[in-house]
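Structure file work.txt (compact mmCIF, C-alpha atoms and all ligand atoms) is printed below.
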# COMPACT_ATOMS: atom_id res chain seq x y z
CA MET A 1 65.51 42.27 69.40
CA ILE A 2 63.11 43.17 72.13
CA ASP A 3 60.34 40.91 73.43
CA VAL A 4 56.76 41.89 72.50
CA ASN A 5 55.64 42.44 76.07
CA ASP A 6 58.73 44.48 76.96
CA ALA A 7 58.17 46.58 73.83
CA LEU A 8 54.54 47.20 74.76
CA LYS A 9 55.57 48.16 78.29
CA LEU A 10 58.00 50.73 76.90
CA VAL A 11 55.33 52.15 74.62
CA ILE A 12 52.93 52.57 77.52
CA GLU A 13 55.63 54.10 79.74
CA HIS A 14 56.28 56.75 77.10
CA THR A 15 52.63 57.52 76.43
CA PRO A 16 51.09 60.58 78.08
CA THR A 17 47.38 61.01 78.72
CA LEU A 18 46.24 64.08 76.79
CA GLN A 19 44.52 67.24 78.02
CA THR A 20 40.78 67.50 78.30
CA GLU A 21 38.23 69.51 76.33
CA THR A 22 34.52 70.22 76.51
CA LEU A 23 32.58 68.96 73.51
CA PRO A 24 28.95 68.84 72.38
CA LEU A 25 27.43 65.55 73.44
CA MET A 26 27.21 64.05 69.96
CA GLU A 27 30.93 64.51 69.40
CA THR A 28 31.91 62.45 72.42
CA LEU A 29 31.07 58.87 71.42
CA HIS A 30 34.04 56.57 72.30
CA SER A 31 35.80 59.34 74.19
CA VAL A 32 36.48 59.04 77.90
CA LEU A 33 34.67 61.17 80.45
CA ALA A 34 37.05 63.58 82.20
CA GLU A 35 34.67 64.97 84.83
CA THR A 36 32.42 63.67 87.55
CA ILE A 37 28.84 63.90 86.36
CA VAL A 38 26.58 65.21 89.09
CA ALA A 39 22.82 64.84 88.87
CA ARG A 40 21.50 68.36 88.30
CA ASP A 41 17.99 67.34 89.29
CA ASP A 42 16.26 64.39 90.87
CA SER A 43 15.87 61.47 88.50
CA PRO A 44 13.07 60.72 87.75
CA LEU A 45 12.16 64.39 87.89
CA PHE A 46 8.69 63.80 89.40
CA ASP A 47 6.33 60.98 90.38
CA SER A 48 4.91 59.58 87.15
CA SER A 49 2.82 56.73 85.90
CA GLN A 50 4.61 53.64 84.72
CA MET A 51 1.60 52.38 82.77
CA ASP A 52 -1.51 53.47 80.94
CA GLY A 53 -4.44 53.14 83.36
CA TYR A 54 -6.32 54.93 86.13
CA GLY A 55 -4.95 56.81 89.08
CA VAL A 56 -6.87 55.83 92.21
CA LYS A 57 -6.90 55.92 95.99
CA VAL A 58 -5.92 52.55 97.46
CA ASN A 59 -8.88 52.48 99.85
CA ASP A 60 -11.40 53.05 97.04
CA VAL A 61 -10.34 49.84 95.26
CA ARG A 62 -9.61 47.73 98.37
CA VAL A 63 -12.28 45.13 97.54
CA ALA A 64 -12.09 45.40 93.75
CA SER A 65 -11.72 42.11 91.89
CA ASP A 66 -12.87 40.50 88.67
CA LYS A 67 -16.08 39.37 90.40
CA THR A 68 -16.62 42.52 92.44
CA PRO A 69 -15.50 45.45 90.30
CA VAL A 70 -15.61 48.92 91.84
CA ALA A 71 -17.06 51.81 89.83
CA LEU A 72 -15.33 55.18 90.13
CA ASP A 73 -16.16 58.49 88.45
CA ILE A 74 -13.50 59.59 86.01
CA ALA A 75 -12.68 63.07 87.24
CA GLY A 76 -10.33 63.89 84.38
CA VAL A 77 -7.50 62.86 82.10
CA VAL A 78 -3.76 63.48 82.43
CA ARG A 79 -1.34 62.92 79.57
CA ALA A 80 2.47 62.83 79.49
CA GLY A 81 3.79 66.38 79.58
CA GLN A 82 0.70 67.82 81.27
CA VAL A 83 0.07 68.94 84.83
CA TYR A 84 -3.35 67.93 86.20
CA GLY A 85 -3.48 70.82 88.59
CA LYS A 86 -6.15 69.77 91.11
CA PRO A 87 -6.32 67.07 93.75
CA VAL A 88 -8.13 63.80 93.02
CA GLU A 89 -11.03 63.27 95.42
CA ARG A 90 -12.15 60.09 97.15
CA GLY A 91 -14.40 57.88 95.03
CA THR A 92 -12.99 59.21 91.79
CA ALA A 93 -10.22 58.17 89.43
CA VAL A 94 -8.16 60.01 86.89
CA LYS A 95 -7.35 58.50 83.51
CA ILE A 96 -3.57 58.54 83.17
CA PHE A 97 -0.99 57.60 80.56
CA THR A 98 2.59 56.33 80.78
CA GLY A 99 4.98 59.10 81.76
CA ALA A 100 2.25 61.47 82.96
CA MET A 101 2.77 63.31 86.23
CA ILE A 102 0.85 61.72 89.13
CA PRO A 103 -1.83 64.19 90.31
CA GLU A 104 -2.07 65.07 93.97
CA GLY A 105 -4.18 62.50 95.81
CA VAL A 106 -3.45 59.55 93.50
CA GLU A 107 -1.94 56.66 95.47
CA ALA A 108 -1.63 53.96 92.81
CA VAL A 109 -2.28 53.31 89.15
CA VAL A 110 -4.52 50.44 88.12
CA ILE A 111 -3.51 49.26 84.68
CA LYS A 112 -5.86 49.65 81.76
CA GLU A 113 -5.98 45.87 81.32
CA ASN A 114 -7.60 45.52 84.79
CA SER A 115 -10.28 48.12 84.22
CA GLN A 116 -13.08 48.97 81.89
CA GLU A 117 -14.52 52.34 80.98
CA ILE A 118 -18.31 52.72 80.75
CA ASP A 119 -20.29 55.98 80.57
CA GLY A 120 -17.74 58.25 82.20
CA LYS A 121 -17.00 55.72 84.91
CA VAL A 122 -14.29 53.16 85.25
CA LEU A 123 -14.92 49.65 86.54
CA VAL A 124 -11.78 48.71 88.43
CA ARG A 125 -11.23 44.95 88.60
CA SER A 126 -8.23 44.76 90.89
CA SER A 127 -7.05 46.23 94.16
CA ALA A 128 -3.81 48.19 94.28
CA LYS A 129 -0.92 48.57 96.67
CA PRO A 130 0.26 52.06 97.60
CA GLY A 131 2.70 53.28 94.95
CA GLU A 132 1.82 50.52 92.50
CA ASN A 133 2.82 51.45 88.91
CA ILE A 134 4.20 54.78 90.10
CA ARG A 135 7.78 55.77 89.30
CA ARG A 136 9.01 57.78 92.26
CA ARG A 137 10.80 61.08 91.95
CA GLY A 138 14.52 60.65 92.73
CA ALA A 139 14.33 56.83 92.78
CA GLU A 140 17.47 56.58 90.61
CA PHE A 141 19.35 59.72 91.67
CA ARG A 142 18.91 62.67 93.96
CA LYS A 143 19.97 66.13 92.86
CA GLY A 144 23.66 66.49 93.70
CA ASP A 145 24.42 62.74 93.66
CA GLU A 146 27.41 61.50 91.65
CA ALA A 147 25.78 59.97 88.60
CA LEU A 148 28.82 58.96 86.51
CA PRO A 149 32.52 58.74 87.42
CA PRO A 150 35.38 60.24 85.39
CA GLY A 151 37.21 57.64 83.32
CA LEU A 152 34.02 56.11 81.95
CA LEU A 153 33.99 55.25 78.26
CA ILE A 154 31.24 57.16 76.47
CA THR A 155 28.84 54.71 74.84
CA PRO A 156 25.32 55.25 73.46
CA PRO A 157 23.65 54.77 76.87
CA VAL A 158 26.07 57.23 78.47
CA ILE A 159 25.15 59.81 75.84
CA GLY A 160 21.43 59.27 76.39
CA PHE A 161 21.86 59.34 80.15
CA LEU A 162 23.83 62.60 79.98
CA ALA A 163 21.14 64.13 77.77
CA GLY A 164 18.53 63.07 80.34
CA LEU A 165 20.53 64.76 83.08
CA GLY A 166 20.61 68.00 81.11
CA TYR A 167 24.19 67.88 79.84
CA ALA A 168 24.38 69.25 76.28
CA GLU A 169 28.19 69.21 76.41
CA VAL A 170 30.65 67.30 78.48
CA CYS A 171 34.35 67.31 79.37
CA VAL A 172 36.36 64.47 77.78
CA TYR A 173 40.00 63.59 77.13
CA CYS A 174 41.28 64.95 73.82
CA LYS A 175 41.86 62.61 70.94
CA PRO A 176 45.43 62.49 69.64
CA LYS A 177 46.32 64.16 66.38
CA VAL A 178 47.76 61.42 64.22
CA ALA A 179 49.56 61.80 60.89
CA VAL A 180 50.24 58.89 58.57
CA ILE A 181 53.10 58.63 56.06
CA VAL A 182 53.24 55.64 53.76
CA THR A 183 56.55 55.13 51.96
CA GLY A 184 57.44 53.22 48.81
CA ASP A 185 58.34 54.03 45.20
CA GLU A 186 56.25 51.07 44.10
CA LEU A 187 52.90 52.29 45.48
CA ILE A 188 49.93 53.44 43.44
CA ASP A 189 46.31 54.26 44.26
CA PRO A 190 43.58 51.63 43.89
CA GLN A 191 42.03 53.45 40.93
CA ASP A 192 45.36 54.02 39.11
CA PRO A 193 46.15 51.95 36.00
CA LEU A 194 48.51 49.13 36.90
CA GLU A 195 52.11 49.51 35.80
CA TYR A 196 54.58 46.69 35.68
CA GLY A 197 56.39 46.41 39.04
CA LYS A 198 54.06 48.71 40.92
CA ILE A 199 51.61 47.55 43.59
CA ARG A 200 48.48 49.08 45.01
CA ASP A 201 48.87 50.87 48.32
CA ALA A 202 46.91 49.08 51.05
CA ASN A 203 48.45 50.60 54.17
CA THR A 204 47.19 54.14 53.64
CA PHE A 205 43.73 52.68 53.89
CA THR A 206 44.17 50.08 56.64
CA ILE A 207 45.90 52.53 58.97
CA GLN A 208 43.28 55.23 58.51
CA ALA A 209 40.48 52.71 58.95
CA ALA A 210 42.09 51.32 62.12
CA LEU A 211 42.26 54.89 63.44
CA GLN A 212 38.64 55.55 62.54
CA GLU A 213 37.67 52.45 64.49
CA ILE A 214 38.63 54.28 67.70
CA GLY A 215 37.14 57.56 66.57
CA ILE A 216 40.31 59.18 65.27
CA LYS A 217 40.31 60.87 61.90
CA ALA A 218 43.90 61.08 60.65
CA PHE A 219 45.21 64.64 60.77
CA SER A 220 46.85 63.92 57.41
CA SER A 221 47.88 60.99 55.29
CA GLU A 222 50.50 61.21 52.58
CA ARG A 223 52.50 58.89 50.38
CA VAL A 224 56.19 59.61 50.03
CA PRO A 225 58.70 57.97 47.68
CA ASP A 226 61.84 56.26 49.02
CA ASP A 227 63.76 59.50 48.91
CA PRO A 228 65.48 60.64 52.12
CA GLN A 229 65.07 64.36 51.39
CA LYS A 230 61.36 64.08 50.71
CA LEU A 231 60.85 61.85 53.71
CA LEU A 232 62.71 64.25 56.02
CA GLU A 233 60.72 67.16 54.64
CA SER A 234 57.43 65.35 55.46
CA VAL A 235 58.53 64.24 58.93
CA ASP A 236 59.88 67.70 59.84
CA ARG A 237 56.75 69.39 58.57
CA LEU A 238 54.29 67.07 60.32
CA LEU A 239 55.94 66.45 63.67
CA PRO A 240 55.27 69.88 65.19
CA SER A 241 51.51 69.56 64.56
CA VAL A 242 50.80 66.02 65.78
CA ASP A 243 50.85 63.83 68.87
CA VAL A 244 51.57 60.65 66.97
CA LEU A 245 53.34 60.03 63.67
CA ILE A 246 52.93 56.68 61.98
CA VAL A 247 55.21 55.84 59.07
CA SER A 248 54.82 52.58 57.20
CA GLY A 249 57.50 50.84 55.13
CA GLY A 250 61.19 51.59 54.72
CA VAL A 251 62.07 50.64 58.27
CA SER A 252 63.95 47.43 57.57
CA VAL A 253 67.59 46.94 56.53
CA GLY A 254 67.30 47.44 52.75
CA ASP A 255 69.37 50.03 50.86
CA PHE A 256 66.22 52.12 50.36
CA ASP A 257 64.93 51.84 53.90
CA PHE A 258 65.57 55.40 55.08
CA VAL A 259 63.01 55.76 57.82
CA LYS A 260 65.22 55.17 60.89
CA GLU A 261 67.92 57.51 59.61
CA ILE A 262 65.34 60.19 58.84
CA PHE A 263 63.81 59.87 62.29
CA GLU A 264 67.25 60.40 63.78
CA ASN A 265 67.80 63.48 61.61
CA ALA A 266 64.43 64.79 62.73
CA GLY A 267 65.44 64.53 66.38
CA VAL A 268 63.45 61.42 67.24
CA GLU A 269 64.85 59.43 70.14
CA LYS A 270 64.79 55.71 69.53
CA VAL A 271 63.11 53.61 72.21
CA PHE A 272 63.32 50.33 70.31
CA TRP A 273 63.84 48.98 66.82
CA ARG A 274 63.16 45.35 65.92
CA VAL A 275 60.78 43.29 67.99
CA ALA A 276 60.74 39.50 68.41
CA VAL A 277 57.36 39.30 66.74
CA LYS A 278 56.04 37.75 63.55
CA PRO A 279 54.88 39.49 61.52
CA GLY A 280 56.38 42.89 62.32
CA LYS A 281 60.04 42.36 63.21
CA PRO A 282 61.38 45.72 61.92
CA THR A 283 58.98 47.83 64.02
CA PHE A 284 60.52 51.10 65.28
CA PHE A 285 59.26 53.17 68.17
CA GLY A 286 60.65 56.49 69.34
CA THR A 287 59.69 59.76 70.94
CA LYS A 288 60.28 63.46 70.53
CA GLY A 289 59.25 65.20 73.71
CA GLU A 290 55.77 63.86 74.41
CA LYS A 291 55.19 62.84 70.80
CA LEU A 292 55.19 59.20 69.75
CA ILE A 293 56.81 58.15 66.48
CA TYR A 294 56.28 54.77 64.89
CA GLY A 295 58.06 53.16 61.99
CA LEU A 296 55.83 50.23 61.12
CA PRO A 297 56.73 47.59 58.54
CA GLY A 298 55.51 47.91 54.96
CA ASN A 299 53.94 44.52 54.55
CA PRO A 300 50.18 44.91 54.80
CA ALA A 301 49.56 42.22 57.44
CA SER A 302 52.58 43.32 59.48
CA VAL A 303 51.51 46.92 59.58
CA LEU A 304 48.11 46.03 60.98
CA VAL A 305 49.37 43.48 63.51
CA THR A 306 51.90 45.97 64.83
CA PHE A 307 49.28 48.72 64.84
CA TYR A 308 47.08 46.61 67.10
CA LEU A 309 50.01 45.52 69.28
CA PHE A 310 51.86 48.80 69.77
CA VAL A 311 49.90 51.76 68.41
CA ARG A 312 46.28 51.23 69.42
CA PRO A 313 47.01 50.75 73.15
CA ALA A 314 49.00 54.01 73.16
CA LEU A 315 46.24 55.92 71.36
CA LEU A 316 43.65 54.61 73.81
CA ARG A 317 45.84 55.61 76.74
CA MET A 318 46.23 59.11 75.30
CA MET A 319 42.44 59.31 75.13
CA GLY A 320 42.18 58.51 78.84
CA ARG A 321 41.24 54.85 78.54
CA LYS A 322 42.31 52.78 81.52
CA GLU A 323 41.94 49.45 79.80
CA THR A 324 44.02 49.54 76.66
CA GLN A 325 44.58 45.84 76.07
CA PRO A 326 42.27 43.73 73.94
CA THR A 327 40.27 40.92 75.49
CA CYS A 328 41.92 37.50 75.21
CA LEU A 329 40.18 34.19 75.39
CA SER A 330 41.15 30.58 75.31
CA ALA A 331 40.23 28.59 72.19
CA VAL A 332 40.81 25.11 70.82
CA ILE A 333 42.94 25.26 67.69
CA GLU A 334 41.40 23.43 64.72
CA SER A 335 44.61 22.94 62.77
CA GLY A 336 48.15 22.38 64.06
CA VAL A 337 50.73 25.12 63.51
CA HIS A 338 54.54 25.14 63.27
CA LYS A 339 57.21 27.77 63.34
CA GLU A 340 60.96 27.81 63.35
CA ASP A 341 62.18 30.95 65.04
CA MET A 342 61.87 32.23 68.55
CA ARG A 343 59.56 35.15 67.88
CA THR A 344 56.02 35.48 69.21
CA GLU A 345 53.78 34.88 66.25
CA TYR A 346 50.33 36.35 65.75
CA LEU A 347 48.15 34.23 63.47
CA ARG A 348 45.02 35.69 61.93
CA GLY A 349 42.25 33.39 63.15
CA LYS A 350 38.49 33.08 63.01
CA LEU A 351 36.68 32.11 66.19
CA GLN A 352 33.70 29.80 66.37
CA ILE A 353 31.53 29.51 69.44
CA HIS A 354 29.50 26.35 69.56
CA ASN A 355 27.53 25.41 72.70
CA GLY A 356 29.84 27.62 74.70
CA GLU A 357 32.95 25.86 73.31
CA VAL A 358 35.36 28.24 71.60
CA SER A 359 37.50 27.04 68.70
CA VAL A 360 39.66 28.87 66.21
CA ASP A 361 40.71 28.19 62.65
CA PHE A 362 42.61 29.95 59.88
CA HIS A 363 41.33 31.01 56.51
CA GLY A 364 44.08 31.87 54.06
CA GLY A 365 47.84 32.31 54.05
CA GLN A 366 49.62 33.75 57.06
CA HIS A 367 52.49 35.45 55.22
CA SER A 368 53.07 39.08 56.03
CA HIS A 369 52.12 40.28 52.53
CA MET A 370 48.77 38.48 52.65
CA LEU A 371 45.80 40.46 53.94
CA GLY A 372 43.09 37.98 52.87
CA SER A 373 43.46 35.84 55.99
CA PHE A 374 43.25 39.02 58.06
CA ALA A 375 40.11 40.12 56.25
CA ASN A 376 38.51 36.81 57.25
CA ALA A 377 39.78 36.92 60.83
CA ASP A 378 38.33 38.18 64.09
CA CYS A 379 41.23 37.36 66.42
CA LEU A 380 45.00 37.03 66.58
CA VAL A 381 46.10 33.65 67.89
CA ILE A 382 49.19 34.04 70.04
CA PHE A 383 51.86 31.46 69.21
CA PRO A 384 54.31 31.87 72.14
CA LYS A 385 57.89 32.60 71.22
CA GLU A 386 59.45 29.55 72.88
CA GLN A 387 57.06 27.07 71.22
CA THR A 388 57.65 25.62 67.76
CA HIS A 389 54.60 23.42 67.39
CA ILE A 390 50.99 23.54 68.55
CA PRO A 391 49.05 20.38 67.68
CA ARG A 392 45.42 20.43 66.60
CA GLY A 393 43.01 20.31 69.55
CA ARG A 394 45.33 22.19 71.92
CA LYS A 395 44.12 25.31 73.71
CA VAL A 396 45.64 28.61 72.59
CA ARG A 397 45.15 32.22 73.58
CA ALA A 398 43.39 34.40 71.08
CA GLN A 399 43.39 38.18 71.26
CA LEU A 400 40.12 39.59 69.99
CA LEU A 401 40.23 42.03 67.11
CA PRO A 402 38.10 45.12 67.62
CA TRP A 403 35.38 44.06 65.21
CA PHE A 404 34.84 40.71 66.95
CA ALA A 405 31.67 41.98 68.59
CA LEU A 406 30.29 43.60 65.43
P1 LIG B 1 59.29 47.77 53.06
O1 LIG B 1 59.15 47.62 54.54
O2 LIG B 1 59.18 49.18 52.62
O3 LIG B 1 60.48 47.08 52.56
O4 LIG B 1 58.04 47.02 52.45
C1 LIG B 1 57.88 45.64 52.66
C2 LIG B 1 56.90 45.09 51.66
O5 LIG B 1 55.64 45.70 51.85
C3 LIG B 1 57.27 45.36 50.21
O6 LIG B 1 56.92 44.20 49.46
C4 LIG B 1 56.40 46.53 49.84
O7 LIG B 1 56.13 46.59 48.49
C5 LIG B 1 55.17 46.28 50.65
N1 LIG B 1 54.50 47.52 50.96
C6 LIG B 1 55.07 48.61 51.50
N2 LIG B 1 54.17 49.58 51.67
C7 LIG B 1 53.00 49.09 51.24
C8 LIG B 1 51.68 49.63 51.15
N3 LIG B 1 51.43 50.86 51.56
N4 LIG B 1 50.72 48.84 50.66
C9 LIG B 1 50.98 47.61 50.26
N5 LIG B 1 52.19 47.03 50.33
C10 LIG B 1 53.19 47.76 50.80
MG MG B 2 59.65 50.17 50.97
Could you render the structure as structure tokens?
Ligand code: AMP
Ligand code: MG
Amino acid sequence: MIDVNDALKLVIEHTPTLQTETLPLMETLHSVLAETIVARDDSPLFDSSQMDGYGVKVNDVRVASDKTPVALDIAGVVRAGQVYGKPVERGTAVKIFTGAMIPEGVEAVVIKENSQEIDGKVLVRSSAKPGENIRRRGAEFRKGDEALPPGLLITPPVIGFLAGLGYAEVCVYCKPKVAVIVTGDELIDPQDPLEYGKIRDANTFTIQAALQEIGIKAFSSERVPDDPQKLLESVDRLLPSVDVLIVSGGVSVGDFDFVKEIFENAGVEKVFWRVAVKPGKPTFFGTKGEKLIYGLPGNPASVLVTFYLFVRPALLRMMGRKETQPTCLSAVIESGVHKEDMRTEYLRGKLQIHNGEVSVDFHGGQHSHMLGSFANADCLVIFPKEQTHIPRGRKVRAQLLPWFAL
């Protein structure tokens, strides 16, 4: 049995970063930028008003105050999107709105709140410093500057920023093509009538949802009975078209666990089988060329724990992410835990943050067939392999689940 960290290291060592592609902006959320973004223009594009108010010359309002307001003729109005087109003369002001281009001759903007309009004139009640309330052209970037580095994760502000810089499409790392095969004679769909001895398939849904969480739509998902011929047919058919194949169930030592044997027949090279982890001991990982092949356990909690431990980091790496490991934090455990064997255990926990103090507790059974505790969890508490007991009140490490921040 291989240690969890050694297994993860092997996974990462075997994981390539994929090619890049150029996509329309709105298809790039959660992808990783694969090019340097250069400012195509100055940003801001031109001097503009930061406020609604009056564009003035500093000298004209030098003595203006609440007690000694200065009256200026309003020479015109300039709105956002318009060009004023003539210079503003001494002794006059121009009415201006947020985002409007500063006319020639305007040195500052006095905000509306400090002025009062009467009969085509404005009474200015405050002085102004040169450049006050003016956003300067190029203050953030100059044309040709590097605006964003490659490797950056594309988030909503990145998308908005790119749009502002005039990028309607952008070069990103490709997302892996992932196929899912769920095995088990006993599995039925959630809407199927229950039959004695059958159970409802959960893994088809959890795996696809966990993929969707990182922006991957499964290339295909199919359920295959515990029949070596049918399984081999599926694996052989899917492997040429995908980057990653995830099979769940049938990877343990039972008489009907055919997955390892089928992988071998399909030319998959084993990297490891069986990890010192609970849940998830029978996890298989192999490769065929640059393709990654996983045999995850069938138990619903095991499949998800091992997905987060060994699959998600690889998928993120393929997509060009530099940081592939989840955030861990230290938390006080609210109830003591025990274990017998020397495997690293991942307990589904719920974090509480109270006055900056982080604690963690468990809601529901921790057995590998129980998903309820997982559904109520937002972290995996790491119970180190060499420890057998953690008393209440002790600090533990908790690995955040992706929805923690939601
Ligand atoms: P296996 O690894 O195939 O022996 O499966 C281990 C346990 O997980 C068995 O109790 C299976 O019935 C159960 N199981 C396997 N696949 C699924 C699935 N897709 N959804 C829910 N339970 C499953
Ligand atoms: Mg099975």
Could I get the residue neighbourhood of ligand LIG 1 (chain B) at 7 Å, counting all atoms listed in the file, as number ranges by chain?
-> A: 182-184, 186-187, 199-204, 248-252, 254, 257, 297-300, 369
Separation of CA of Leu304 (chain A) and CA of Val253 (chain A), in Å?
->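 Those two atoms sit 20.0 Å apart.
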Nearest to ligand MG 2 (chain B), chosen from A:Gly81, A:Gly215, A:Gly131, A:Pro225, with all atoms listed in the file counted in the distances |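 Among the listed residues, the smallest separation from ligand MG 2 (chain B) belongs to A:Pro225.
Among the candidate residues A:Thr155, A:Val235, A:Arg321, A:Ala7, the one lying nearest to Trp273 (chain A) is A:Ala7, with distances computed using only C-alpha atoms.
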Go through A:His389, A:Lys112, A:Arg223, A:Arg40 one by one, measure the shortest atom-to-atom distance of each to ligand MG 2 (chain B) using only C-alpha atoms and all ligand atoms, and give the residue with the smallest value.
->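 With only C-alpha atoms and all ligand atoms as the atom set, the closest residue is A:Arg223.
Atom to atom, CA of Glu269 (chain A) and CA of Cys174 (chain A) stand 24.5 Å apart.
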